[in-house]
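Visitor: Supplied in structure tokens, the structure appears directly below.
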Amino acid sequence: MNKNTILLPEWALQSGLQLTWPHEATDWHDYLSDIQATYLEMADAVTRYEPLLVVTPHPDEVWQQLAKVLSKEQLSRVVMHRCPTNDTWARDHGFITLTADNGAATLLDFRFNGWGNKFPADLDNAINSSLYRHGVLGGTYVDHNDFVLEGGSIEADGNGTVLTTACCLLAPHRNQPLTRDDISRKLKELLHAEQVLWIDHGHLEGDDTDGHIDTLVRTAPNNTLLYIGCDDKRDEHYDDLYCMEEQLRTLRNAQGEPYRLLRLPMVDAMYDDGERLPATYANFVIVNGAVIYPTYRQPENDAKAAKVIAQAFPGYDLIGIDSCTVVRQHGSLHCCTMQLHGSLHGEHQRA
């Protein structure tokens, strides 16, 4: 493998974006039409900027849905792949891709075990091998199913640093008995990173992932970190997020420089059936030329979040998508997507 092969940051040029479509056999069944409407809105936003890969057991049904809302030009950018699925969280079961100087992609297929065996994941864990076997994604396939790693648990700054959270990667039923040092060495080796920075604080109530970094801290161009902060001392998150903020001030990139820190607002508490939901503005999606960010029907907070994201991504279009349905299953927009850097082939394209 080319030693200059790296884990690109999400704002690097993408070949497309993956959505794994919700269907009646997923946890979305009680409000399937609502979540499919959200996915259609995401598909509309993505295909204005780049190709879209849709993984689904029901491609004809999904194509009919897409054809009602997308233009012919947008539909020409859609690639469908028929595949059985447990759920929809492409961020965590999708390929993590390394990219060489010449653009060649190395498709890393890590094991997805339902965030530490919390939920069935056998079908979702097989999606990547299916995509590769059927020639949907081009690149060199590398099987790492002996190591659990979810895409939402890591962030790359594009300059040699990978960030993660201790509460997730050291959680039960991931990679025990590996220690923190063991996992750091493994991540540096497999992701070609110069250093791994561990966030030791930060937790959102209702989060099934044990604290994915993409709900808390995100990288952006110009050595920038966006993070969620909490000003309400009565909020159960206040102490931990304060400690996280203090830790972020101490972090240095691989060149020894402090990060530029931009603080996102906290979403006012949201509940479903009495349970607090892990709503967060950090869970935005970057595509070629745009940032798709979650909104929560909280106009003041939604506007504040958009302003901060705009600071981090000057020149990008900003697209807000209502995420009140997505968060009912304890995720948000970034969790639903995975960017693609390998070549996306049109063998399964419908036009």
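In the structure tokens, the first chain shown is A, the next is B, and so on; residue numbers restart at 1 for each chain, and ligands run from 1 in the order shown.
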Show me, as an MDAnalysis selection string, the residues that have an atom within 9 Å of Leu7 (chain A) when counting only C-alpha atoms, minus same-chain residues fewer than 4 positions from it.
Guide: chainID A and resid 96:99 156:158 160 162 191:193
Visitor: Those selected residues, please, written with N, CA and C atoms and delivered as an mmCIF file, in the first residue's frame.
Guide:
```cif
data_model
loop_
_atom_site.group_PDB
_atom_site.id
_atom_site.type_symbol
_atom_site.label_atom_id
_atom_site.label_comp_id
_atom_site.auth_asym_id
_atom_site.auth_seq_id
_atom_site.Cartn_x
_atom_site.Cartn_y
_atom_site.Cartn_z
ATOM 1 N N ILE A 96 -14.686 2.444 5.440
ATOM 2 C CA ILE A 96 -13.797 3.557 5.779
ATOM 3 C C ILE A 96 -12.685 3.511 4.742
ATOM 4 N N THR A 97 -12.535 4.598 3.997
ATOM 5 C CA THR A 97 -11.696 4.575 2.796
ATOM 6 C C THR A 97 -10.408 5.365 2.977
ATOM 7 N N LEU A 98 -9.304 4.737 2.618
ATOM 8 C CA LEU A 98 -8.023 5.421 2.516
ATOM 9 C C LEU A 98 -7.790 5.773 1.052
ATOM 10 N N THR A 99 -7.161 6.926 0.809
ATOM 11 C CA THR A 99 -6.977 7.402 -0.558
ATOM 12 C C THR A 99 -5.513 7.751 -0.788
ATOM 13 N N ALA A 156 -11.141 12.556 11.154
ATOM 14 C CA ALA A 156 -9.804 12.839 10.639
ATOM 15 C C ALA A 156 -9.690 14.321 10.304
ATOM 16 N N ASP A 157 -8.532 14.919 10.626
ATOM 17 C CA ASP A 157 -8.361 16.343 10.319
ATOM 18 C C ASP A 157 -7.628 16.575 9.004
ATOM 19 N N GLY A 158 -7.221 15.480 8.341
ATOM 20 C CA GLY A 158 -6.537 15.604 7.058
ATOM 21 C C GLY A 158 -5.070 15.926 7.151
ATOM 22 N N GLY A 160 -2.946 14.241 9.543
ATOM 23 C CA GLY A 160 -2.246 13.216 10.312
ATOM 24 C C GLY A 160 -2.877 12.829 11.621
ATOM 25 N N VAL A 162 -6.166 11.531 13.934
ATOM 26 C CA VAL A 162 -7.487 10.917 14.068
ATOM 27 C C VAL A 162 -7.953 11.172 15.493
ATOM 28 N N LEU A 191 -5.151 3.208 9.804
ATOM 29 C CA LEU A 191 -5.656 4.436 9.194
ATOM 30 C C LEU A 191 -4.537 5.369 8.736
ATOM 31 N N HIS A 192 -3.288 4.920 8.899
ATOM 32 C CA HIS A 192 -2.116 5.694 8.472
ATOM 33 C C HIS A 192 -2.095 7.071 9.133
ATOM 34 N N ALA A 193 -2.355 7.091 10.426
ATOM 35 C CA ALA A 193 -2.384 8.343 11.180
ATOM 36 C C ALA A 193 -1.058 8.553 11.905
#
```
Visitor: Quick one: pick out all alpha helix (DSSP H) residues within region 37-252 of chain A from a backbone DSSP run and write them as a PDB file with N, CA and C atoms, in the first residue's frame.
Guide:
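Resulting contents of selection02.pdb:
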```pdb
ATOM      1  N   ALA A  37     -39.628  10.115   4.203  1.00  0.00           N
ATOM      2  CA  ALA A  37     -39.704  11.502   3.724  1.00  0.00           C
ATOM      3  C   ALA A  37     -38.403  12.252   4.036  1.00  0.00           C
ATOM      4  N   THR A  38     -37.829  11.992   5.212  1.00  0.00           N
ATOM      5  CA  THR A  38     -36.544  12.608   5.562  1.00  0.00           C
ATOM      6  C   THR A  38     -35.440  12.120   4.639  1.00  0.00           C
ATOM      7  N   TYR A  39     -35.440  10.826   4.350  1.00  0.00           N
ATOM      8  CA  TYR A  39     -34.413  10.273   3.452  1.00  0.00           C
ATOM      9  C   TYR A  39     -34.563  10.823   2.040  1.00  0.00           C
ATOM     10  N   LEU A  40     -35.794  11.023   1.603  1.00  0.00           N
ATOM     11  CA  LEU A  40     -36.004  11.629   0.290  1.00  0.00           C
ATOM     12  C   LEU A  40     -35.465  13.061   0.256  1.00  0.00           C
ATOM     13  N   GLU A  41     -35.631  13.767   1.359  1.00  0.00           N
ATOM     14  CA  GLU A  41     -35.094  15.129   1.439  1.00  0.00           C
ATOM     15  C   GLU A  41     -33.566  15.101   1.395  1.00  0.00           C
ATOM     16  N   MET A  42     -32.972  14.121   2.086  1.00  0.00           N
ATOM     17  CA  MET A  42     -31.516  13.982   2.015  1.00  0.00           C
ATOM     18  C   MET A  42     -31.072  13.627   0.606  1.00  0.00           C
ATOM     19  N   ALA A  43     -31.781  12.700  -0.037  1.00  0.00           N
ATOM     20  CA  ALA A  43     -31.427  12.297  -1.400  1.00  0.00           C
ATOM     21  C   ALA A  43     -31.494  13.481  -2.356  1.00  0.00           C
ATOM     22  N   ASP A  44     -32.503  14.311  -2.192  1.00  0.00           N
ATOM     23  CA  ASP A  44     -32.646  15.501  -3.025  1.00  0.00           C
ATOM     24  C   ASP A  44     -31.463  16.440  -2.819  1.00  0.00           C
ATOM     25  N   ALA A  45     -31.082  16.652  -1.560  1.00  0.00           N
ATOM     26  CA  ALA A  45     -29.961  17.544  -1.271  1.00  0.00           C
ATOM     27  C   ALA A  45     -28.655  16.983  -1.827  1.00  0.00           C
ATOM     28  N   VAL A  46     -28.393  15.707  -1.593  1.00  0.00           N
ATOM     29  CA  VAL A  46     -27.117  15.110  -2.009  1.00  0.00           C
ATOM     30  C   VAL A  46     -26.966  15.135  -3.522  1.00  0.00           C
ATOM     31  N   PRO A  59     -35.161  -2.167  -4.191  1.00  0.00           N
ATOM     32  CA  PRO A  59     -34.741  -1.082  -5.076  1.00  0.00           C
ATOM     33  C   PRO A  59     -35.861  -0.527  -5.956  1.00  0.00           C
ATOM     34  N   ASP A  60     -36.768  -1.380  -6.430  1.00  0.00           N
ATOM     35  CA  ASP A  60     -37.835  -0.874  -7.294  1.00  0.00           C
ATOM     36  C   ASP A  60     -38.754   0.082  -6.529  1.00  0.00           C
ATOM     37  N   GLU A  61     -39.069  -0.289  -5.297  1.00  0.00           N
ATOM     38  CA  GLU A  61     -39.929   0.559  -4.462  1.00  0.00           C
ATOM     39  C   GLU A  61     -39.262   1.889  -4.162  1.00  0.00           C
ATOM     40  N   VAL A  62     -37.974   1.844  -3.818  1.00  0.00           N
ATOM     41  CA  VAL A  62     -37.257   3.082  -3.495  1.00  0.00           C
ATOM     42  C   VAL A  62     -37.102   3.944  -4.747  1.00  0.00           C
ATOM     43  N   TRP A  63     -36.863   3.300  -5.890  1.00  0.00           N
ATOM     44  CA  TRP A  63     -36.728   4.079  -7.123  1.00  0.00           C
ATOM     45  C   TRP A  63     -38.006   4.855  -7.418  1.00  0.00           C
ATOM     46  N   GLN A  64     -39.145   4.228  -7.188  1.00  0.00           N
ATOM     47  CA  GLN A  64     -40.418   4.919  -7.414  1.00  0.00           C
ATOM     48  C   GLN A  64     -40.553   6.123  -6.490  1.00  0.00           C
ATOM     49  N   GLN A  65     -40.103   5.975  -5.241  1.00  0.00           N
ATOM     50  CA  GLN A  65     -40.141   7.105  -4.312  1.00  0.00           C
ATOM     51  C   GLN A  65     -39.233   8.239  -4.797  1.00  0.00           C
ATOM     52  N   LEU A  66     -38.015   7.879  -5.213  1.00  0.00           N
ATOM     53  CA  LEU A  66     -37.058   8.894  -5.661  1.00  0.00           C
ATOM     54  C   LEU A  66     -37.555   9.604  -6.912  1.00  0.00           C
ATOM     55  N   ALA A  67     -38.179   8.852  -7.811  1.00  0.00           N
ATOM     56  CA  ALA A  67     -38.625   9.424  -9.082  1.00  0.00           C
ATOM     57  C   ALA A  67     -39.692  10.490  -8.888  1.00  0.00           C
ATOM     58  N   LYS A  68     -40.367  10.477  -7.758  1.00  0.00           N
ATOM     59  CA  LYS A  68     -41.411  11.464  -7.492  1.00  0.00           C
ATOM     60  C   LYS A  68     -40.841  12.813  -7.048  1.00  0.00           C
ATOM     61  N   VAL A  69     -39.597  12.807  -6.546  1.00  0.00           N
ATOM     62  CA  VAL A  69     -39.057  14.055  -5.984  1.00  0.00           C
ATOM     63  C   VAL A  69     -37.784  14.546  -6.672  1.00  0.00           C
ATOM     64  N   LYS A  72     -34.755  14.388 -13.542  1.00  0.00           N
ATOM     65  CA  LYS A  72     -34.081  13.352 -14.339  1.00  0.00           C
ATOM     66  C   LYS A  72     -32.574  13.441 -14.177  1.00  0.00           C
ATOM     67  N   GLU A  73     -32.062  14.660 -14.115  1.00  0.00           N
ATOM     68  CA  GLU A  73     -30.616  14.829 -13.926  1.00  0.00           C
ATOM     69  C   GLU A  73     -30.177  14.267 -12.577  1.00  0.00           C
ATOM     70  N   GLN A  74     -30.956  14.537 -11.529  1.00  0.00           N
ATOM     71  CA  GLN A  74     -30.621  13.984 -10.215  1.00  0.00           C
ATOM     72  C   GLN A  74     -30.717  12.461 -10.212  1.00  0.00           C
ATOM     73  N   LEU A  75     -31.752  11.934 -10.839  1.00  0.00           N
ATOM     74  CA  LEU A  75     -31.915  10.474 -10.888  1.00  0.00           C
ATOM     75  C   LEU A  75     -30.748   9.809 -11.597  1.00  0.00           C
ATOM     76  N   ALA A  90     -25.586   3.926   7.864  1.00  0.00           N
ATOM     77  CA  ALA A  90     -24.470   3.742   6.931  1.00  0.00           C
ATOM     78  C   ALA A  90     -23.149   4.254   7.492  1.00  0.00           C
ATOM     79  N   ARG A  91     -23.192   5.265   8.339  1.00  0.00           N
ATOM     80  CA  ARG A  91     -21.961   5.804   8.921  1.00  0.00           C
ATOM     81  C   ARG A  91     -21.168   4.719   9.642  1.00  0.00           C
ATOM     82  N   ASP A  92     -21.869   3.767  10.217  1.00  0.00           N
ATOM     83  CA  ASP A  92     -21.199   2.794  11.082  1.00  0.00           C
ATOM     84  C   ASP A  92     -20.974   1.443  10.427  1.00  0.00           C
ATOM     85  N   HIS A  93     -21.724   1.129   9.351  1.00  0.00           N
ATOM     86  CA  HIS A  93     -21.435  -0.127   8.661  1.00  0.00           C
ATOM     87  C   HIS A  93     -20.744   0.088   7.319  1.00  0.00           C
ATOM     88  N   GLY A 114     -23.322  -3.834  15.840  1.00  0.00           N
ATOM     89  CA  GLY A 114     -24.482  -3.225  16.499  1.00  0.00           C
ATOM     90  C   GLY A 114     -24.121  -2.484  17.759  1.00  0.00           C
ATOM     91  N   TRP A 115     -22.989  -1.727  17.703  1.00  0.00           N
ATOM     92  CA  TRP A 115     -22.515  -0.905  18.840  1.00  0.00           C
ATOM     93  C   TRP A 115     -22.345  -1.743  20.108  1.00  0.00           C
ATOM     94  N   GLY A 116     -21.534  -2.781  19.965  1.00  0.00           N
ATOM     95  CA  GLY A 116     -21.250  -3.621  21.130  1.00  0.00           C
ATOM     96  C   GLY A 116     -22.342  -4.636  21.390  1.00  0.00           C
ATOM     97  N   ASN A 117     -22.866  -5.252  20.312  1.00  0.00           N
ATOM     98  CA  ASN A 117     -23.876  -6.321  20.411  1.00  0.00           C
ATOM     99  C   ASN A 117     -25.183  -5.857  21.047  1.00  0.00           C
ATOM    100  N   ASP A 122     -25.888  -8.496  11.667  1.00  0.00           N
ATOM    101  CA  ASP A 122     -25.221  -9.425  10.744  1.00  0.00           C
ATOM    102  C   ASP A 122     -25.414  -9.018   9.288  1.00  0.00           C
ATOM    103  N   LEU A 123     -26.615  -8.591   8.926  1.00  0.00           N
ATOM    104  CA  LEU A 123     -26.873  -8.185   7.543  1.00  0.00           C
ATOM    105  C   LEU A 123     -26.137  -6.893   7.203  1.00  0.00           C
ATOM    106  N   ASP A 124     -26.177  -5.937   8.105  1.00  0.00           N
ATOM    107  CA  ASP A 124     -25.486  -4.665   7.860  1.00  0.00           C
ATOM    108  C   ASP A 124     -23.979  -4.873   7.754  1.00  0.00           C
ATOM    109  N   ASN A 125     -23.446  -5.788   8.529  1.00  0.00           N
ATOM    110  CA  ASN A 125     -22.009  -6.048   8.486  1.00  0.00           C
ATOM    111  C   ASN A 125     -21.582  -6.674   7.161  1.00  0.00           C
ATOM    112  N   ILE A 127     -22.905  -5.736   4.155  1.00  0.00           N
ATOM    113  CA  ILE A 127     -23.183  -4.829   3.044  1.00  0.00           C
ATOM    114  C   ILE A 127     -21.917  -4.504   2.260  1.00  0.00           C
ATOM    115  N   ASN A 128     -20.823  -4.204   2.946  1.00  0.00           N
ATOM    116  CA  ASN A 128     -19.603  -3.801   2.240  1.00  0.00           C
ATOM    117  C   ASN A 128     -19.096  -4.889   1.309  1.00  0.00           C
ATOM    118  N   SER A 129     -19.059  -6.123   1.787  1.00  0.00           N
ATOM    119  CA  SER A 129     -18.570  -7.198   0.930  1.00  0.00           C
ATOM    120  C   SER A 129     -19.492  -7.392  -0.266  1.00  0.00           C
ATOM    121  N   SER A 130     -20.801  -7.182  -0.071  1.00  0.00           N
ATOM    122  CA  SER A 130     -21.746  -7.284  -1.179  1.00  0.00           C
ATOM    123  C   SER A 130     -21.485  -6.187  -2.221  1.00  0.00           C
ATOM    124  N   LEU A 131     -21.287  -4.958  -1.752  1.00  0.00           N
ATOM    125  CA  LEU A 131     -20.989  -3.861  -2.668  1.00  0.00           C
ATOM    126  C   LEU A 131     -19.742  -4.153  -3.487  1.00  0.00           C
ATOM    127  N   TYR A 132     -18.732  -4.701  -2.846  1.00  0.00           N
ATOM    128  CA  TYR A 132     -17.476  -4.961  -3.549  1.00  0.00           C
ATOM    129  C   TYR A 132     -17.615  -6.132  -4.509  1.00  0.00           C
ATOM    130  N   ARG A 133     -18.252  -7.208  -4.069  1.00  0.00           N
ATOM    131  CA  ARG A 133     -18.423  -8.389  -4.928  1.00  0.00           C
ATOM    132  C   ARG A 133     -19.184  -8.062  -6.199  1.00  0.00           C
ATOM    133  N   ALA A 166     -12.866   7.955  24.287  1.00  0.00           N
ATOM    134  CA  ALA A 166     -12.551   6.807  25.125  1.00  0.00           C
ATOM    135  C   ALA A 166     -13.795   6.021  25.497  1.00  0.00           C
ATOM    136  N   CYS A 167     -14.903   6.716  25.728  1.00  0.00           N
ATOM    137  CA  CYS A 167     -16.109   6.020  26.178  1.00  0.00           C
ATOM    138  C   CYS A 167     -16.645   5.072  25.114  1.00  0.00           C
ATOM    139  N   CYS A 168     -16.363   5.325  23.849  1.00  0.00           N
ATOM    140  CA  CYS A 168     -16.825   4.433  22.787  1.00  0.00           C
ATOM    141  C   CYS A 168     -15.825   3.309  22.536  1.00  0.00           C
ATOM    142  N   LEU A 169     -14.605   3.653  22.181  1.00  0.00           N
ATOM    143  CA  LEU A 169     -13.674   2.605  21.756  1.00  0.00           C
ATOM    144  C   LEU A 169     -13.226   1.700  22.892  1.00  0.00           C
ATOM    145  N   ARG A 180      -6.212   0.956  25.681  1.00  0.00           N
ATOM    146  CA  ARG A 180      -6.183   2.244  24.973  1.00  0.00           C
ATOM    147  C   ARG A 180      -4.924   2.368  24.117  1.00  0.00           C
ATOM    148  N   ASP A 181      -3.786   1.995  24.667  1.00  0.00           N
ATOM    149  CA  ASP A 181      -2.540   2.060  23.892  1.00  0.00           C
ATOM    150  C   ASP A 181      -2.574   1.092  22.715  1.00  0.00           C
ATOM    151  N   ASP A 182      -3.108  -0.108  22.935  1.00  0.00           N
ATOM    152  CA  ASP A 182      -3.230  -1.080  21.845  1.00  0.00           C
ATOM    153  C   ASP A 182      -4.069  -0.519  20.702  1.00  0.00           C
ATOM    154  N   ILE A 183      -5.191   0.099  21.059  1.00  0.00           N
ATOM    155  CA  ILE A 183      -6.103   0.619  20.043  1.00  0.00           C
ATOM    156  C   ILE A 183      -5.487   1.810  19.328  1.00  0.00           C
ATOM    157  N   SER A 184      -4.761   2.651  20.056  1.00  0.00           N
ATOM    158  CA  SER A 184      -4.059   3.768  19.408  1.00  0.00           C
ATOM    159  C   SER A 184      -3.088   3.253  18.353  1.00  0.00           C
ATOM    160  N   ARG A 185      -2.308   2.243  18.723  1.00  0.00           N
ATOM    161  CA  ARG A 185      -1.353   1.675  17.761  1.00  0.00           C
ATOM    162  C   ARG A 185      -2.087   1.093  16.549  1.00  0.00           C
ATOM    163  N   LYS A 186      -3.200   0.414  16.818  1.00  0.00           N
ATOM    164  CA  LYS A 186      -3.965  -0.210  15.745  1.00  0.00           C
ATOM    165  C   LYS A 186      -4.528   0.861  14.798  1.00  0.00           C
ATOM    166  N   LEU A 187      -5.092   1.912  15.346  1.00  0.00           N
ATOM    167  CA  LEU A 187      -5.657   2.975  14.516  1.00  0.00           C
ATOM    168  C   LEU A 187      -4.572   3.675  13.699  1.00  0.00           C
ATOM    169  N   LYS A 188      -3.438   3.933  14.312  1.00  0.00           N
ATOM    170  CA  LYS A 188      -2.355   4.578  13.563  1.00  0.00           C
ATOM    171  C   LYS A 188      -1.882   3.702  12.415  1.00  0.00           C
ATOM    172  N   GLU A 189      -1.795   2.409  12.681  1.00  0.00           N
ATOM    173  CA  GLU A 189      -1.351   1.476  11.644  1.00  0.00           C
ATOM    174  C   GLU A 189      -2.386   1.355  10.516  1.00  0.00           C
ATOM    175  N   LEU A 190      -3.640   1.119  10.881  1.00  0.00           N
ATOM    176  CA  LEU A 190      -4.659   0.816   9.873  1.00  0.00           C
ATOM    177  C   LEU A 190      -5.140   2.057   9.125  1.00  0.00           C
ATOM    178  N   LEU A 191      -5.151   3.208   9.804  1.00  0.00           N
ATOM    179  CA  LEU A 191      -5.656   4.436   9.194  1.00  0.00           C
ATOM    180  C   LEU A 191      -4.537   5.369   8.736  1.00  0.00           C
ATOM    181  N   TYR A 238     -24.174  19.306  31.490  1.00  0.00           N
ATOM    182  CA  TYR A 238     -23.332  20.487  31.659  1.00  0.00           C
ATOM    183  C   TYR A 238     -21.910  20.142  32.115  1.00  0.00           C
ATOM    184  N   ASP A 239     -21.763  19.383  33.176  1.00  0.00           N
ATOM    185  CA  ASP A 239     -20.434  19.130  33.742  1.00  0.00           C
ATOM    186  C   ASP A 239     -19.523  18.406  32.757  1.00  0.00           C
ATOM    187  N   ASP A 240     -20.055  17.375  32.122  1.00  0.00           N
ATOM    188  CA  ASP A 240     -19.226  16.582  31.216  1.00  0.00           C
ATOM    189  C   ASP A 240     -18.826  17.371  29.977  1.00  0.00           C
ATOM    190  N   LEU A 241     -19.752  18.168  29.450  1.00  0.00           N
ATOM    191  CA  LEU A 241     -19.419  18.956  28.267  1.00  0.00           C
ATOM    192  C   LEU A 241     -18.473  20.104  28.607  1.00  0.00           C
ATOM    193  N   TYR A 242     -18.570  20.620  29.838  1.00  0.00           N
ATOM    194  CA  TYR A 242     -17.597  21.625  30.276  1.00  0.00           C
ATOM    195  C   TYR A 242     -16.193  21.019  30.311  1.00  0.00           C
ATOM    196  N   CYS A 243     -16.080  19.818  30.851  1.00  0.00           N
ATOM    197  CA  CYS A 243     -14.772  19.138  30.905  1.00  0.00           C
ATOM    198  C   CYS A 243     -14.258  18.840  29.500  1.00  0.00           C
ATOM    199  N   MET A 244     -15.167  18.476  28.594  1.00  0.00           N
ATOM    200  CA  MET A 244     -14.756  18.223  27.207  1.00  0.00           C
ATOM    201  C   MET A 244     -14.203  19.488  26.575  1.00  0.00           C
ATOM    202  N   GLU A 245     -14.888  20.596  26.793  1.00  0.00           N
ATOM    203  CA  GLU A 245     -14.441  21.871  26.238  1.00  0.00           C
ATOM    204  C   GLU A 245     -13.050  22.234  26.754  1.00  0.00           C
ATOM    205  N   GLU A 246     -12.841  22.048  28.040  1.00  0.00           N
ATOM    206  CA  GLU A 246     -11.522  22.331  28.623  1.00  0.00           C
ATOM    207  C   GLU A 246     -10.449  21.431  28.021  1.00  0.00           C
ATOM    208  N   GLN A 247     -10.774  20.153  27.794  1.00  0.00           N
ATOM    209  CA  GLN A 247      -9.798  19.253  27.184  1.00  0.00           C
ATOM    210  C   GLN A 247      -9.475  19.674  25.753  1.00  0.00           C
ATOM    211  N   LEU A 248     -10.489  20.103  25.009  1.00  0.00           N
ATOM    212  CA  LEU A 248     -10.257  20.516  23.625  1.00  0.00           C
ATOM    213  C   LEU A 248      -9.256  21.661  23.542  1.00  0.00           C
ATOM    214  N   ARG A 249      -9.265  22.525  24.538  1.00  0.00           N
ATOM    215  CA  ARG A 249      -8.323  23.652  24.551  1.00  0.00           C
ATOM    216  C   ARG A 249      -6.879  23.179  24.665  1.00  0.00           C
ATOM    217  N   THR A 250      -6.676  21.990  25.193  1.00  0.00           N
ATOM    218  CA  THR A 250      -5.316  21.468  25.393  1.00  0.00           C
ATOM    219  C   THR A 250      -4.810  20.661  24.208  1.00  0.00           C
TER     220      THR A 250
END
```
Visitor: If you measure from CA of Thr219 (chain A) to CA of Ala312 (chain A), what distance in Å do you get, rounded to one decimal?
Guide: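 Spanning CA of Thr219 (chain A) to CA of Ala312 (chain A) is a straight-line distance of 9.1 Å.
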Visitor: What is the distance, in Å and to one decimal place, between CA of Val148 (chain A) and CA of Phe119 (chain A)?
Guide: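 Going from CA of Val148 (chain A) over to CA of Phe119 (chain A), I get 14.3 Å.
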Visitor: State, in Å with one decimal place, the distance from CA of Thr161 (chain A) to CA of Glu205 (chain A).
Guide: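 Rounded to one decimal, the two atoms are 27.5 Å apart.
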Visitor: Compile the contact shell of His237 (chain A) as a list of chain:residue names: residues with an atom at most 12 Å away, counting only C-alpha atoms, same-chain residues fewer than 4 positions apart removed.
Guide: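 Answer for this query is A:His201, A:Gly202, A:His203, A:Leu204, A:Glu205, A:Gly206, A:Leu216, A:Ile228, A:Gly229, A:Cys230, A:Asp231, A:Asp232, A:Lys233, A:Leu241, A:Tyr242, A:Cys243, A:Met244, A:Met266, A:Val267, A:Asp268, A:Ala269, A:Arg276, A:Pro278.
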Visitor: Could you dump the residues just selected with C-alpha atoms as a PDB file, in the first residue's frame?
Guide:
```
ATOM      1  CA  HIS A 201     -15.425  13.549  28.247  1.00  0.00           C
ATOM      2  CA  GLY A 202     -18.715  14.061  26.499  1.00  0.00           C
ATOM      3  CA  HIS A 203     -21.869  11.971  26.607  1.00  0.00           C
ATOM      4  CA  LEU A 204     -25.392  12.495  25.340  1.00  0.00           C
ATOM      5  CA  GLU A 205     -28.293  10.859  27.131  1.00  0.00           C
ATOM      6  CA  GLY A 206     -30.043   8.315  24.933  1.00  0.00           C
ATOM      7  CA  LEU A 216     -19.725  15.774  19.999  1.00  0.00           C
ATOM      8  CA  ILE A 228     -21.217  21.174  21.263  1.00  0.00           C
ATOM      9  CA  GLY A 229     -21.300  23.251  24.425  1.00  0.00           C
ATOM     10  CA  CYS A 230     -23.846  23.610  27.195  1.00  0.00           C
ATOM     11  CA  ASP A 231     -24.585  26.830  29.106  1.00  0.00           C
ATOM     12  CA  ASP A 232     -27.385  25.548  31.337  1.00  0.00           C
ATOM     13  CA  LYS A 233     -25.888  24.381  34.635  1.00  0.00           C
ATOM     14  CA  LEU A 241     -19.419  18.956  28.267  1.00  0.00           C
ATOM     15  CA  TYR A 242     -17.597  21.625  30.276  1.00  0.00           C
ATOM     16  CA  CYS A 243     -14.772  19.138  30.905  1.00  0.00           C
ATOM     17  CA  MET A 244     -14.756  18.223  27.207  1.00  0.00           C
ATOM     18  CA  MET A 266     -26.861  22.647  22.713  1.00  0.00           C
ATOM     19  CA  VAL A 267     -30.241  21.462  21.446  1.00  0.00           C
ATOM     20  CA  ASP A 268     -32.972  22.136  24.014  1.00  0.00           C
ATOM     21  CA  ALA A 269     -33.953  18.863  25.651  1.00  0.00           C
ATOM     22  CA  ARG A 276     -34.257  12.092  26.460  1.00  0.00           C
ATOM     23  CA  PRO A 278     -29.365  12.602  21.846  1.00  0.00           C
TER      24      PRO A 278
END
```
Visitor: Out of A:Gln311, A:Thr26, A:Asn301, A:Asn288, which residue has the shortest atom-to-atom distance to Arg260 (chain A) when counting only C-alpha atoms?
Guide: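 With only C-alpha atoms as the atom set, the closest residue is A:Gln311.
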Visitor: List every residue of region 155-251 of chain A that has an atom at most 6 Å from any atom of region 261-264 of chain A, and for each one report the closest atom pair and its distance in Å to one decimal, counting only C-alpha atoms, with rows sorted by chain and then by increasing residue number, as a tab-separated table.
Guide:
```
residue	atom	partner	partner_atom	distance
A:Thr224	CA	A:Leu261	CA	5.9
A:Leu225	CA	A:Leu261	CA	5.1
A:Leu226	CA	A:Leu262	CA	4.7
A:Tyr227	CA	A:Arg263	CA	5.2
A:Ile228	CA	A:Leu264	CA	4.6
```
